[in-house]
>>> print(open('my_file.tsv').read())   # TSV, C-alpha atoms
chain	number	residue	atom	x	y	z
A	837	MET	CA	96.65	-99.50	-77.61
A	838	SER	CA	98.06	-101.16	-80.72
A	839	GLN	CA	98.25	-104.95	-81.08
A	840	GLN	CA	102.03	-104.64	-80.89
A	841	SER	CA	101.76	-102.67	-77.62
A	842	ALA	CA	99.30	-105.16	-76.20
A	843	ASN	CA	101.74	-108.00	-76.88
A	844	SER	CA	104.81	-106.12	-75.61
A	845	ARG	CA	106.27	-106.95	-72.23
A	846	HIS	CA	105.55	-104.23	-69.67
A	847	LEU	CA	108.43	-102.76	-67.65
A	848	LEU	CA	107.87	-100.39	-64.71
A	849	HIS	CA	110.92	-98.18	-64.11
A	850	ALA	CA	111.12	-96.46	-60.71
A	851	PHE	CA	113.61	-93.58	-60.53
A	852	SER	CA	114.25	-91.13	-57.72
A	853	THR	CA	114.34	-88.53	-60.51
A	854	PHE	CA	114.01	-88.65	-64.28
A	855	ALA	CA	115.84	-85.37	-64.77
A	856	VAL	CA	118.58	-85.50	-67.41
A	857	GLY	CA	121.58	-87.44	-66.10
A	858	GLY	CA	123.81	-90.37	-66.96
A	859	GLN	CA	121.43	-93.05	-65.66
A	860	GLN	CA	118.43	-91.53	-67.38
A	861	THR	CA	120.34	-91.00	-70.63
A	862	ARG	CA	121.31	-94.67	-70.66
A	863	PHE	CA	117.67	-95.68	-70.20
A	864	VAL	CA	116.60	-93.39	-73.06
A	865	SER	CA	119.25	-94.96	-75.32
A	866	LEU	CA	118.07	-98.45	-74.39
A	867	ALA	CA	114.38	-97.69	-74.89
A	868	ASN	CA	115.04	-96.02	-78.25
A	869	ALA	CA	117.15	-98.94	-79.47
A	870	LEU	CA	114.66	-101.60	-78.27
A	871	GLY	CA	111.77	-99.84	-80.00
A	872	GLY	CA	108.38	-101.52	-79.56
A	873	LYS	CA	109.64	-104.72	-77.95
A	874	TYR	CA	108.73	-103.42	-74.48
A	875	ARG	CA	106.16	-101.06	-72.99
A	876	HIS	CA	107.64	-98.72	-70.41
A	877	THR	CA	106.00	-97.01	-67.45
A	878	ILE	CA	108.31	-94.37	-65.99
A	879	LEU	CA	107.84	-93.11	-62.44
A	880	ALA	CA	110.04	-90.41	-60.92
A	881	MET	CA	109.62	-90.04	-57.17
A	882	ASP	CA	110.37	-86.31	-57.36
A	883	GLY	CA	107.91	-85.79	-60.24
A	884	ASN	CA	110.68	-84.63	-62.63
A	885	HIS	CA	110.42	-86.42	-65.99
A	886	GLU	CA	112.52	-84.07	-68.15
A	887	ALA	CA	114.63	-86.86	-69.66
A	888	ALA	CA	111.52	-88.33	-71.30
A	889	ALA	CA	111.89	-85.64	-73.97
A	890	GLY	CA	114.71	-87.74	-75.45
A	891	LEU	CA	112.52	-90.80	-76.09
A	892	ALA	CA	111.92	-91.51	-79.77
A	893	ALA	CA	108.51	-91.51	-81.41
A	894	GLY	CA	108.44	-95.31	-81.69
A	895	VAL	CA	108.88	-95.90	-77.94
A	896	ASP	CA	105.70	-96.96	-76.13
A	897	PHE	CA	105.87	-95.27	-72.74
A	898	THR	CA	103.65	-93.67	-70.14
A	899	ILE	CA	104.45	-91.38	-67.22
A	900	GLU	CA	103.09	-92.45	-63.85
A	901	THR	CA	102.90	-90.26	-60.74
A	902	MET	CA	102.50	-91.20	-57.11
A	903	PRO	CA	102.46	-89.10	-53.93
A	904	VAL	CA	105.63	-89.73	-51.92
A	905	VAL	CA	106.04	-89.21	-48.18
A	906	LYS	CA	109.51	-87.83	-47.48
A	907	SER	CA	111.04	-89.05	-44.24
A	908	GLY	CA	114.36	-90.00	-42.74
A	909	GLY	CA	113.51	-93.68	-42.93
A	910	VAL	CA	111.09	-96.11	-44.51
A	911	SER	CA	107.53	-94.83	-44.87
A	912	LEU	CA	104.71	-97.33	-44.46
A	913	ALA	CA	102.49	-94.98	-46.48
A	914	ASN	CA	104.99	-95.15	-49.36
A	915	LEU	CA	105.16	-98.94	-49.17
A	916	ARG	CA	101.36	-99.24	-49.28
A	917	ALA	CA	101.14	-96.83	-52.23
A	918	MET	CA	103.88	-98.68	-54.09
A	919	ARG	CA	102.30	-102.08	-53.61
A	920	GLY	CA	98.95	-100.63	-54.67
A	921	LEU	CA	100.47	-99.28	-57.88
A	922	LEU	CA	102.23	-102.58	-58.60
A	923	LYS	CA	98.96	-104.46	-58.15
A	924	ARG	CA	97.12	-102.04	-60.41
A	925	LEU	CA	99.69	-102.00	-63.22
A	926	ARG	CA	100.83	-105.63	-62.91
A	927	PRO	CA	104.11	-105.06	-64.83
A	928	ASP	CA	106.05	-108.01	-66.15
A	929	LEU	CA	109.19	-106.60	-64.56
A	930	LEU	CA	110.02	-103.92	-61.98
A	931	CYS	CA	113.27	-102.00	-62.57
A	932	THR	CA	114.56	-99.86	-59.70
A	933	TYR	CA	117.47	-97.46	-59.85
A	934	ASN	CA	119.90	-96.45	-57.08
A	935	TRP	CA	119.41	-95.92	-53.35
A	936	GLY	CA	116.58	-93.43	-53.85
A	937	THR	CA	114.21	-96.24	-54.88
A	938	ILE	CA	115.07	-98.70	-52.11
A	939	GLU	CA	111.50	-98.49	-50.78
A	940	TRP	CA	110.28	-99.96	-54.08
A	941	ALA	CA	112.53	-102.96	-53.51
A	942	LEU	CA	111.10	-103.32	-49.99
A	943	ALA	CA	107.53	-103.00	-51.25
A	944	ASN	CA	108.05	-105.84	-53.71
A	945	ARG	CA	110.26	-108.05	-51.53
A	946	LEU	CA	107.69	-109.88	-49.38
A	947	SER	CA	105.04	-111.64	-51.43
A	948	ALA	CA	106.56	-110.31	-54.64
A	949	ILE	CA	104.09	-109.01	-57.19
A	950	CYS	CA	106.53	-109.23	-60.11
A	951	PRO	CA	110.20	-110.05	-60.72
A	952	GLN	CA	112.63	-107.20	-60.12
A	953	ILE	CA	116.07	-106.09	-61.18
A	954	HIS	CA	117.91	-103.26	-59.44
A	955	ILE	CA	120.42	-101.06	-61.27
A	956	GLU	CA	122.96	-99.26	-59.12
A	957	ASP	CA	125.12	-96.60	-60.73
A	958	GLY	CA	126.96	-94.98	-57.85
A	959	PHE	CA	126.77	-92.67	-54.90
A	960	GLY	CA	126.31	-89.05	-53.98
A	961	PRO	CA	128.92	-86.97	-52.12
A	962	ASP	CA	127.83	-88.39	-48.74
A	963	GLU	CA	128.46	-92.02	-49.67
A	964	ALA	CA	131.59	-93.05	-51.54
A	965	PRO	CA	132.62	-96.71	-51.80
A	966	ASP	CA	135.20	-96.21	-49.03
A	967	ARG	CA	132.67	-94.78	-46.56
A	968	GLN	CA	129.45	-96.76	-46.91
A	969	HIS	CA	126.73	-96.02	-44.32
A	970	PHE	CA	126.09	-99.03	-42.09
A	971	ARG	CA	122.30	-98.54	-42.20
A	972	ARG	CA	122.29	-98.37	-45.98
A	973	ARG	CA	124.47	-101.46	-46.28
A	974	VAL	CA	122.04	-103.43	-44.14
A	975	MET	CA	119.00	-102.04	-45.96
A	976	ARG	CA	120.46	-102.87	-49.37
A	977	ARG	CA	121.38	-106.38	-48.27
A	978	PHE	CA	117.84	-107.05	-47.04
A	979	SER	CA	115.90	-105.23	-49.75
A	980	LEU	CA	117.88	-106.42	-52.77
A	981	SER	CA	118.53	-110.01	-51.74
A	982	ARG	CA	115.54	-111.32	-53.72
A	983	CYS	CA	116.09	-109.30	-56.89
A	984	VAL	CA	116.65	-111.42	-59.97
A	985	ARG	CA	119.83	-109.43	-60.56
A	986	VAL	CA	121.56	-106.34	-59.16
A	987	VAL	CA	123.22	-104.64	-62.13
A	988	VAL	CA	126.38	-102.55	-61.73
A	989	PRO	CA	128.34	-100.78	-64.51
A	990	SER	CA	131.72	-100.85	-62.76
A	991	ARG	CA	134.06	-103.35	-61.14
A	992	VAL	CA	134.35	-101.08	-58.09
A	993	LEU	CA	130.59	-101.30	-57.53
A	994	GLN	CA	130.67	-105.04	-58.14
A	995	ASP	CA	133.17	-105.39	-55.30
A	996	VAL	CA	131.03	-103.16	-53.05
A	997	ALA	CA	127.83	-105.09	-53.76
A	998	ILE	CA	129.45	-108.43	-52.99
A	999	GLY	CA	131.90	-107.42	-50.26
A	1000	LYS	CA	129.97	-104.76	-48.33
A	1001	TRP	CA	126.32	-105.40	-49.13
A	1002	ARG	CA	127.00	-109.16	-48.99
A	1003	LEU	CA	124.88	-110.00	-51.99
A	1004	ALA	CA	125.46	-113.37	-53.63
A	1005	VAL	CA	128.20	-113.39	-56.26
A	1006	GLU	CA	125.88	-114.90	-58.87
A	1007	GLN	CA	123.22	-112.24	-58.19
A	1008	VAL	CA	125.47	-109.28	-59.04
A	1009	LEU	CA	125.81	-108.64	-62.77
A	1010	TYR	CA	128.58	-106.45	-64.16
A	1011	LEU	CA	127.11	-104.77	-67.23
A	1012	PRO	CA	129.17	-101.81	-68.47
A	1013	ASN	CA	127.62	-98.80	-70.14
A	1014	GLY	CA	127.71	-98.35	-73.89
A	1015	ILE	CA	127.23	-95.35	-76.17
A	1016	ASP	CA	126.52	-94.49	-79.78
A	1017	CYS	CA	130.14	-94.01	-80.83
A	1018	GLU	CA	129.33	-92.46	-84.21
A	1019	ARG	CA	127.12	-89.82	-82.62
A	1020	PHE	CA	129.99	-88.44	-80.52
A	1021	ALA	CA	132.55	-88.60	-83.32
A	1022	ARG	CA	130.73	-85.94	-85.33
A	1023	THR	CA	132.18	-82.60	-86.41
A	1024	PRO	CA	131.37	-79.81	-83.93
A	1025	ASP	CA	128.81	-77.14	-84.78
A	1026	GLY	CA	130.69	-74.09	-86.02
A	1027	GLU	CA	127.82	-71.68	-85.40
A	1028	LEU	CA	127.46	-72.93	-81.84
A	1029	LEU	CA	131.18	-72.47	-81.21
A	1030	LYS	CA	130.98	-68.94	-82.56
A	1031	SER	CA	128.04	-68.13	-80.29
A	1032	PHE	CA	130.18	-69.03	-77.25
A	1033	GLY	CA	133.19	-67.10	-78.51
A	1034	ILE	CA	135.34	-70.16	-79.14
A	1035	ALA	CA	137.83	-69.27	-81.86
A	1036	GLY	CA	140.06	-71.45	-84.00
A	1037	ASP	CA	143.25	-70.50	-82.12
A	1038	HIS	CA	141.85	-71.38	-78.68
A	1039	VAL	CA	143.12	-74.42	-76.82
A	1040	VAL	CA	139.99	-75.84	-75.21
A	1041	VAL	CA	139.86	-77.81	-71.97
A	1042	GLY	CA	136.29	-78.97	-71.49
A	1043	THR	CA	133.96	-81.05	-69.40
A	1044	VAL	CA	130.34	-82.19	-69.50
A	1045	ALA	CA	128.78	-82.55	-66.06
A	1046	ALA	CA	125.89	-81.65	-63.83
A	1047	LEU	CA	127.01	-78.77	-61.62
A	1048	ARG	CA	126.68	-80.70	-58.37
A	1049	ALA	CA	128.98	-81.10	-55.37
A	1050	GLU	CA	130.21	-84.62	-56.16
A	1051	LYS	CA	131.43	-83.49	-59.60
A	1052	ASN	CA	133.80	-81.07	-57.82
A	1053	LEU	CA	134.12	-78.62	-60.67
A	1054	GLU	CA	135.67	-76.19	-58.21
A	1055	ARG	CA	138.68	-78.53	-58.30
A	1056	LEU	CA	138.74	-78.23	-62.10
A	1057	LEU	CA	138.75	-74.44	-61.89
A	1058	ASN	CA	141.64	-74.52	-59.43
A	1059	VAL	CA	143.60	-76.98	-61.59
A	1060	PHE	CA	143.04	-74.87	-64.70
A	1061	ALA	CA	144.23	-71.74	-62.87
A	1062	ALA	CA	147.26	-73.48	-61.33
A	1063	SER	CA	148.40	-74.96	-64.64
A	1064	ARG	CA	149.19	-71.48	-65.96
A	1065	LEU	CA	148.01	-72.18	-69.48
A	1066	PRO	CA	148.49	-69.57	-72.21
A	1067	PRO	CA	145.92	-66.76	-72.56
A	1068	SER	CA	144.48	-68.54	-75.61
A	1069	ALA	CA	143.32	-71.45	-73.41
A	1070	ARG	CA	139.62	-71.74	-72.60
A	1071	LEU	CA	137.83	-73.82	-70.00
A	1072	VAL	CA	134.40	-74.90	-71.26
A	1073	ILE	CA	131.90	-76.32	-68.76
A	1074	VAL	CA	128.83	-77.89	-70.36
A	1075	GLY	CA	126.01	-78.44	-67.88
A	1076	ASP	CA	123.84	-76.78	-65.29
A	1077	GLY	CA	122.99	-77.29	-61.66
A	1078	PRO	CA	122.87	-75.80	-58.17
A	1079	GLN	CA	126.56	-74.82	-58.06
A	1080	ARG	CA	126.56	-72.62	-61.15
A	1081	ASP	CA	126.72	-69.28	-59.31
A	1082	MET	CA	129.39	-70.54	-56.91
A	1083	LEU	CA	131.53	-71.77	-59.79
A	1084	ALA	CA	131.24	-68.44	-61.61
A	1085	GLN	CA	132.34	-66.65	-58.41
A	1086	THR	CA	135.27	-69.06	-58.01
A	1087	ALA	CA	136.41	-68.44	-61.60
A	1088	SER	CA	136.31	-64.71	-60.93
A	1089	ARG	CA	138.29	-65.09	-57.69
A	1090	LEU	CA	140.94	-67.19	-59.46
A	1091	GLY	CA	141.31	-64.63	-62.24
A	1092	ILE	CA	140.14	-67.00	-65.01
A	1093	PHE	CA	136.58	-65.73	-65.47
A	1094	GLY	CA	137.47	-64.36	-68.91
A	1095	GLN	CA	138.80	-67.75	-69.97
A	1096	THR	CA	135.86	-69.73	-68.58
A	1097	ILE	CA	132.78	-70.48	-70.69
A	1098	MET	CA	129.71	-71.97	-68.99
A	1099	THR	CA	127.28	-73.11	-71.67
A	1100	GLY	CA	124.44	-74.31	-69.47
A	1101	ALA	CA	122.65	-77.58	-70.09
A	1102	MET	CA	122.97	-79.03	-73.60
A	1103	ASN	CA	120.88	-81.93	-74.90
A	1104	ALA	CA	123.38	-82.65	-77.68
A	1105	PRO	CA	126.89	-82.19	-76.21
A	1106	GLU	CA	128.34	-83.76	-79.36
A	1107	ARG	CA	127.76	-80.39	-81.01
A	1108	ILE	CA	130.69	-79.01	-79.00
A	1109	LEU	CA	132.59	-82.04	-77.66
A	1110	GLY	CA	134.69	-82.55	-80.77
A	1111	ARG	CA	136.16	-79.05	-80.39
A	1112	PHE	CA	137.73	-79.88	-77.03
A	1113	ASP	CA	141.46	-80.51	-77.02
A	1114	VAL	CA	141.39	-82.13	-73.57
A	1115	PHE	CA	138.44	-83.58	-71.68
A	1116	ALA	CA	138.61	-83.15	-67.90
A	1117	LEU	CA	136.80	-84.99	-65.12
A	1118	THR	CA	137.57	-83.96	-61.53
A	1119	SER	CA	134.82	-85.73	-59.60
A	1120	ASP	CA	135.06	-86.95	-56.03
A	1121	THR	CA	133.05	-90.06	-56.88
A	1122	GLU	CA	132.14	-91.80	-60.13
A	1123	GLN	CA	131.69	-95.37	-61.29
A	1124	MET	CA	131.56	-95.57	-65.09
A	1125	PRO	CA	130.80	-92.06	-66.31
A	1126	ASN	CA	129.15	-91.80	-69.72
A	1127	SER	CA	130.85	-88.44	-70.21
A	1128	VAL	CA	134.23	-90.18	-70.34
A	1129	LEU	CA	132.93	-92.70	-72.90
A	1130	GLU	CA	131.61	-89.80	-74.99
A	1131	ALA	CA	134.98	-88.04	-74.81
A	1132	MET	CA	136.71	-91.26	-75.88
A	1133	ALA	CA	134.32	-91.59	-78.84
A	1134	ALA	CA	135.19	-88.01	-79.81
A	1135	GLY	CA	138.87	-89.01	-79.92
A	1136	LEU	CA	139.97	-86.98	-76.89
A	1137	PRO	CA	142.64	-87.48	-74.25
A	1138	VAL	CA	141.21	-87.38	-70.72
A	1139	LEU	CA	142.57	-85.71	-67.59
A	1140	ALA	CA	140.80	-87.29	-64.61
A	1141	THR	CA	140.76	-88.03	-60.94
A	1142	ASP	CA	141.28	-91.70	-60.16
A	1143	VAL	CA	137.71	-92.63	-59.24
A	1144	GLY	CA	135.59	-95.67	-60.00
A	1145	ASP	CA	136.60	-97.51	-63.17
A	1146	VAL	CA	137.87	-94.43	-65.01
A	1147	LYS	CA	141.47	-95.58	-65.36
A	1148	GLN	CA	140.39	-99.03	-66.57
A	1149	MET	CA	137.96	-97.53	-69.08
A	1150	LEU	CA	140.64	-95.46	-70.80
A	1151	ALA	CA	143.39	-96.67	-73.09
A	1152	ALA	CA	146.62	-97.62	-71.33
A	1153	GLU	CA	148.36	-94.62	-72.94
A	1154	ASN	CA	146.02	-92.30	-71.02
A	1155	ALA	CA	146.86	-93.73	-67.57
A	1156	THR	CA	149.54	-91.11	-66.83
A	1157	TYR	CA	146.85	-88.44	-66.80
A	1158	VAL	CA	144.60	-90.13	-64.21
A	1159	LEU	CA	145.71	-89.00	-60.76
A	1160	PRO	CA	144.52	-89.16	-57.13
A	1161	ARG	CA	141.82	-86.67	-56.16
A	1162	GLU	CA	144.13	-85.06	-53.60
A	1163	ASP	CA	146.98	-84.41	-56.07
A	1164	ALA	CA	145.97	-80.97	-57.30
A	1165	ASP	CA	149.55	-80.08	-58.27
A	1166	GLY	CA	149.91	-83.29	-60.26
A	1167	LEU	CA	146.64	-82.65	-62.09
A	1168	ALA	CA	147.80	-79.13	-62.97
A	1169	ARG	CA	151.15	-80.40	-64.29
A	1170	ALA	CA	149.44	-83.15	-66.28
A	1171	LEU	CA	147.02	-80.67	-67.83
A	1172	LEU	CA	149.85	-78.36	-68.86
A	1173	ALA	CA	151.73	-81.31	-70.37
A	1174	LEU	CA	148.72	-82.31	-72.47
A	1175	VAL	CA	148.06	-78.78	-73.66
A	1176	GLU	CA	151.71	-78.34	-74.71
A	1177	ASP	CA	152.00	-81.69	-76.56
A	1178	GLY	CA	149.63	-81.84	-79.51
A	1179	ALA	CA	151.08	-85.11	-80.79
A	1180	ALA	CA	150.46	-86.80	-77.43
A	1181	ARG	CA	146.89	-85.52	-77.39
A	1182	GLN	CA	146.22	-86.90	-80.85
A	1183	GLY	CA	147.84	-90.27	-80.15
A	1184	ILE	CA	146.05	-90.81	-76.84
A	1185	GLY	CA	142.75	-89.64	-78.31
A	1186	SER	CA	143.02	-92.16	-81.15
A	1187	LYS	CA	143.71	-95.00	-78.71
A	1188	ASN	CA	140.74	-93.96	-76.56
A	1189	GLN	CA	138.49	-93.88	-79.61
A	1190	ALA	CA	139.56	-97.35	-80.69
A	1191	LYS	CA	138.93	-98.75	-77.21
A	1192	VAL	CA	135.43	-97.31	-76.80
A	1193	ARG	CA	134.42	-98.67	-80.20
A	1194	SER	CA	135.68	-102.16	-79.43
A	1195	GLU	CA	134.51	-102.49	-75.82
A	1196	TYR	CA	131.73	-100.00	-75.06
A	1197	ALA	CA	129.51	-99.82	-78.14
A	1198	LEU	CA	125.82	-99.13	-77.67
A	1199	GLU	CA	124.82	-102.26	-79.59
A	1200	THR	CA	126.61	-104.51	-77.09
A	1201	MET	CA	124.94	-102.88	-74.09
A	1202	VAL	CA	121.48	-103.03	-75.69
A	1203	ARG	CA	121.85	-106.71	-76.50
A	1204	ARG	CA	122.87	-107.54	-72.93
A	1205	TYR	CA	120.02	-105.54	-71.35
A	1206	ASP	CA	117.53	-107.10	-73.75
A	1207	THR	CA	118.72	-110.55	-72.73
A	1208	LEU	CA	118.48	-109.56	-69.05
A	1209	PHE	CA	114.94	-108.13	-69.32
A	1210	ASP	CA	113.69	-111.10	-71.30
A	1211	GLY	CA	115.32	-113.64	-69.02
A	1212	ALA	CA	114.09	-111.96	-65.83
A	1213	ILE	CA	110.51	-111.98	-67.12
A	1214	ARG	CA	110.68	-115.64	-68.16
A	1215	GLY	CA	112.58	-116.70	-65.05
A	1216	LYS	CA	115.55	-117.86	-67.07
A	1217	VAL	CA	118.43	-115.50	-66.37
A	1218	SER	CA	121.78	-117.07	-67.14
>>> encode(input="my_file.tsv", output="structure tokens")
Amino acid sequence: MSQQSANSRHLLHAFSTFAVGGQQTRFVSLANALGGKYRHTILAMDGNHEAAAGLAAGVDFTIETMPVVKSGGVSLANLRAMRGLLKRLRPDLLCTYNWGTIEWALANRLSAICPQIHIEDGFGPDEAPDRQHFRRRVMRRFSLSRCVRVVVPSRVLQDVAIGKWRLAVEQVLYLPNGIDCERFARTPDGELLKSFGIAGDHVVVGTVAALRAEKNLERLLNVFAASRLPPSARLVIVGDGPQRDMLAQTASRLGIFGQTIMTGAMNAPERILGRFDVFALTSDTEQMPNSVLEAMAAGLPVLATDVGDVKQMLAAENATYVLPREDADGLARALLALVEDGAARQGIGSKNQAKVRSEYALETMVRRYDTLFDGAIRGKVS
């Protein structure tokens, strides 16, 4: 271990999974930007650490594994193992992420071994803000009540944490996501576009998402089909996941299989994002999706369901194209209107790009997390 590493503050990050996703991508961006200031131990409870491939050479990190007992409730064996690992590693700060790591918060709550912050990004399809499980509300209230801070990236989640979990107002910290705006403003990769059969005369409606139920990409397929776009229109879905086969079958059933391009997972979506004419998000639940910030940085208009903070994130000029999840006809009409009005697309895209640069830059997010980590360790969080 180098002298710099020995003097660096040690953070233990407990994730339910460290597969590539929005939460994991944000952590990678933070760790890369903070360089050698902190040492990171990353533990994924499912053993998947794929996102670690994005960590830069200068980041001091280790991967930790621990056997996990899967049960419908709290496992005493898990709690003992977690406390044992905390005592062995003695991190300066424990960072837990989402409901899947609630046992870590329990393990460190009584006779705390180190200070803790909890970062909550949202919910799966079984738990939207308007239908919170009673047991989970109680468990979060008890387990998180002694965290230094509970961090949320959206105002919707802030209201949930205070109103439904009944955490103290001063304990809940609203800290919005930030991205590298220049990275997503780059020119798309012509060779990559050619490999997917995307030609210069195609009008491209695209999305970047894990192919999971809560992203409801089946809704996007239905909206694309119902909008009756010209034959030159293409629907590009960047991502992979358990619903891939079902989505391909749905595209075939709707008669748009020939217009649908499924690229699979892509570590650098900026290689294709700038070729989209419209970015689409049709999720059932979101909070502050990084994919929308990336689309804004690429100068795109966004068609979206009205979930989480999406409408507030976007420029005011984009608000017309954010509609209720249930309004499939409205989404189809809005998509057609965007495709047919190139001047509107360009104007809205420019406003979105200006807003993401002024309010959601990576540098701002990194500075705030750095202040939070440092303050939590020293016991001086403002």
>>> atom_distance(input="my_file.tsv", atom1="atom CA of Val1041 of chain A", atom2="atom CA of Asn1154 of chain A")
15.8 Å
>>> residues_around(input="my_file.tsv", residues="Ala1021 of chain A", least_positions_apart="2", cutoff="12 Å", atoms="all atoms listed in the file", output="PyMOL selection string")
chain A and resi 1015-1019+1023-1024+1105-1112+1129-1136+1185-1186+1188-1190+1192-1193
>>> atom_distance(input="my_file.tsv", atom1="atom CA of Ala887 of chain A", atom2="atom CA of Phe854 of chain A")
5.7 Å
>>> closest_residue(input="my_file.tsv", among="A:Leu1139, A:Leu915, A:Val1040, A:Ala892", to="Ala1164 of chain A", atoms="only C-alpha atoms")
A:Leu1139
>>> atom_distance(input="my_file.tsv", atom1="atom CA of Leu912 of chain A", atom2="atom CA of Leu942 of chain A")
10.4 Å
>>> closest_residue(input="my_file.tsv", among="A:Gly1075, A:Gly1091, A:Gly1183, A:Gly857", to="Gly890 of chain A", atoms="only C-alpha atoms")
A:Gly857
>>> closest_residue(input="my_file.tsv", among="A:Val996, A:Leu848, A:Ile1092, A:Val974", to="Tyr933 of chain A", atoms="all atoms listed in the file")
A:Leu848
>>> residues_around(input="my_file.tsv", residues="Arg1055 of chain A", least_positions_apart="5", cutoff="12 Å", atoms="all atoms listed in the file", output="JSON, numbers by chain")
{"A": [1049, 1050, 1060, 1061, 1062, 1083, 1086, 1087, 1090, 1116, 1117, 1118, 1119, 1120, 1140, 1141, 1161, 1162, 1163, 1164, 1165, 1167, 1168]}
>>> closest_residue(input="my_file.tsv", among="A:Gly958, A:Thr1043, A:Arg976, A:Ala913", to="Trp1001 of chain A", atoms="only C-alpha atoms")
A:Arg976
>>> residues_around(input="my_file.tsv", residues="Ala889 of chain A", least_positions_apart="2", cutoff="12 Å", atoms="all atoms listed in the file", output="number ranges by chain")
A: 854-856, 860-861, 864-865, 868, 884-887, 891-893, 895, 897, 899, 1103
>>> closest_atom_pairs(input="my_file.tsv", of="segment 838-940 of chain A", to="segment 1201-1206 of chain A", cutoff="10 Å", atoms="only C-alpha atoms", output="tab-separated table")
residue	atom	partner	partner_atom	distance
A:Arg862	CA	A:Met1201	CA	9.6
A:Phe863	CA	A:Val1202	CA	9.9
A:Ser865	CA	A:Val1202	CA	8.4
A:Leu866	CA	A:Val1202	CA	5.9
A:Ala867	CA	A:Val1202	CA	8.9
A:Asn868	CA	A:Val1202	CA	9.9
A:Ala869	CA	A:Val1202	CA	7.1
A:Leu870	CA	A:Val1202	CA	7.4
A:Lys873	CA	A:Asp1206	CA	9.2
A:Tyr874	CA	A:Asp1206	CA	9.6
>>> residues_around(input="my_file.tsv", residues="segment 921-931 of chain A", least_positions_apart="3", cutoff="8 Å", atoms="all atoms listed in the file", output="ChimeraX atom specification")
/A:845-850,917-918,949-955,1209,1212-1213
>>> residues_near_point(input="my_file.tsv", point="(130.8, -79.2, -62.0)", cutoff="12 Å", atoms="all atoms listed in the file", output="ChimeraX atom specification")
/A:1042-1057,1071-1084,1086,1098-1101,1116-1120
>>> residues_around(input="my_file.tsv", residues="Met902 of chain A", least_positions_apart="3", cutoff="10 Å", atoms="all atoms listed in the file", output="ChimeraX atom specification")
/A:879-883,905,914,917-918,921
>>> closest_residue(input="my_file.tsv", among="A:Ser981, A:Arg1169, A:Gln859, A:Ala941", to="Ile998 of chain A", atoms="all atoms listed in the file")
A:Ser981
>>> closest_residue(input="my_file.tsv", among="A:Ser1194, A:Ser1068, A:Gln1148, A:Ser844", to="Gln1095 of chain A", atoms="all atoms listed in the file")
A:Ser1068
>>> decode(input="my_file.tsv", residues="segment 864-875 of chain A", atoms="N, CA and C atoms", output="PDB file, in the first residue's frame")
ATOM      1  N   VAL A 864     -18.982   5.288  -9.816  1.00  0.00           N
ATOM      2  CA  VAL A 864     -17.764   5.221 -10.627  1.00  0.00           C
ATOM      3  C   VAL A 864     -17.310   6.631 -10.999  1.00  0.00           C
ATOM      4  N   SER A 865     -18.245   7.491 -11.396  1.00  0.00           N
ATOM      5  CA  SER A 865     -17.891   8.872 -11.743  1.00  0.00           C
ATOM      6  C   SER A 865     -17.304   9.604 -10.542  1.00  0.00           C
ATOM      7  N   LEU A 866     -17.907   9.403  -9.367  1.00  0.00           N
ATOM      8  CA  LEU A 866     -17.400  10.042  -8.154  1.00  0.00           C
ATOM      9  C   LEU A 866     -16.003   9.561  -7.813  1.00  0.00           C
ATOM     10  N   ALA A 867     -15.833   8.231  -7.794  1.00  0.00           N
ATOM     11  CA  ALA A 867     -14.533   7.665  -7.428  1.00  0.00           C
ATOM     12  C   ALA A 867     -13.447   8.119  -8.390  1.00  0.00           C
ATOM     13  N   ASN A 868     -13.755   8.136  -9.682  1.00  0.00           N
ATOM     14  CA  ASN A 868     -12.766   8.575 -10.675  1.00  0.00           C
ATOM     15  C   ASN A 868     -12.394  10.036 -10.475  1.00  0.00           C
ATOM     16  N   ALA A 869     -13.385  10.871 -10.184  1.00  0.00           N
ATOM     17  CA  ALA A 869     -13.121  12.302 -10.015  1.00  0.00           C
ATOM     18  C   ALA A 869     -12.365  12.599  -8.721  1.00  0.00           C
ATOM     19  N   LEU A 870     -12.628  11.807  -7.666  1.00  0.00           N
ATOM     20  CA  LEU A 870     -11.981  12.044  -6.370  1.00  0.00           C
ATOM     21  C   LEU A 870     -10.573  11.465  -6.313  1.00  0.00           C
ATOM     22  N   GLY A 871     -10.245  10.603  -7.255  1.00  0.00           N
ATOM     23  CA  GLY A 871      -8.885  10.068  -7.351  1.00  0.00           C
ATOM     24  C   GLY A 871      -8.441   9.361  -6.088  1.00  0.00           C
ATOM     25  N   GLY A 872      -7.255   9.713  -5.592  1.00  0.00           N
ATOM     26  CA  GLY A 872      -6.666   9.016  -4.450  1.00  0.00           C
ATOM     27  C   GLY A 872      -7.057   9.566  -3.098  1.00  0.00           C
ATOM     28  N   LYS A 873      -8.032  10.472  -3.043  1.00  0.00           N
ATOM     29  CA  LYS A 873      -8.396  11.064  -1.750  1.00  0.00           C
ATOM     30  C   LYS A 873      -9.004  10.035  -0.807  1.00  0.00           C
ATOM     31  N   TYR A 874      -9.691   9.026  -1.371  1.00  0.00           N
ATOM     32  CA  TYR A 874     -10.335   8.000  -0.558  1.00  0.00           C
ATOM     33  C   TYR A 874      -9.919   6.619  -1.053  1.00  0.00           C
ATOM     34  N   ARG A 875      -9.889   5.658  -0.123  1.00  0.00           N
ATOM     35  CA  ARG A 875      -9.793   4.244  -0.465  1.00  0.00           C
ATOM     36  C   ARG A 875     -11.191   3.662  -0.426  1.00  0.00           C
TER      37      ARG A 875
END
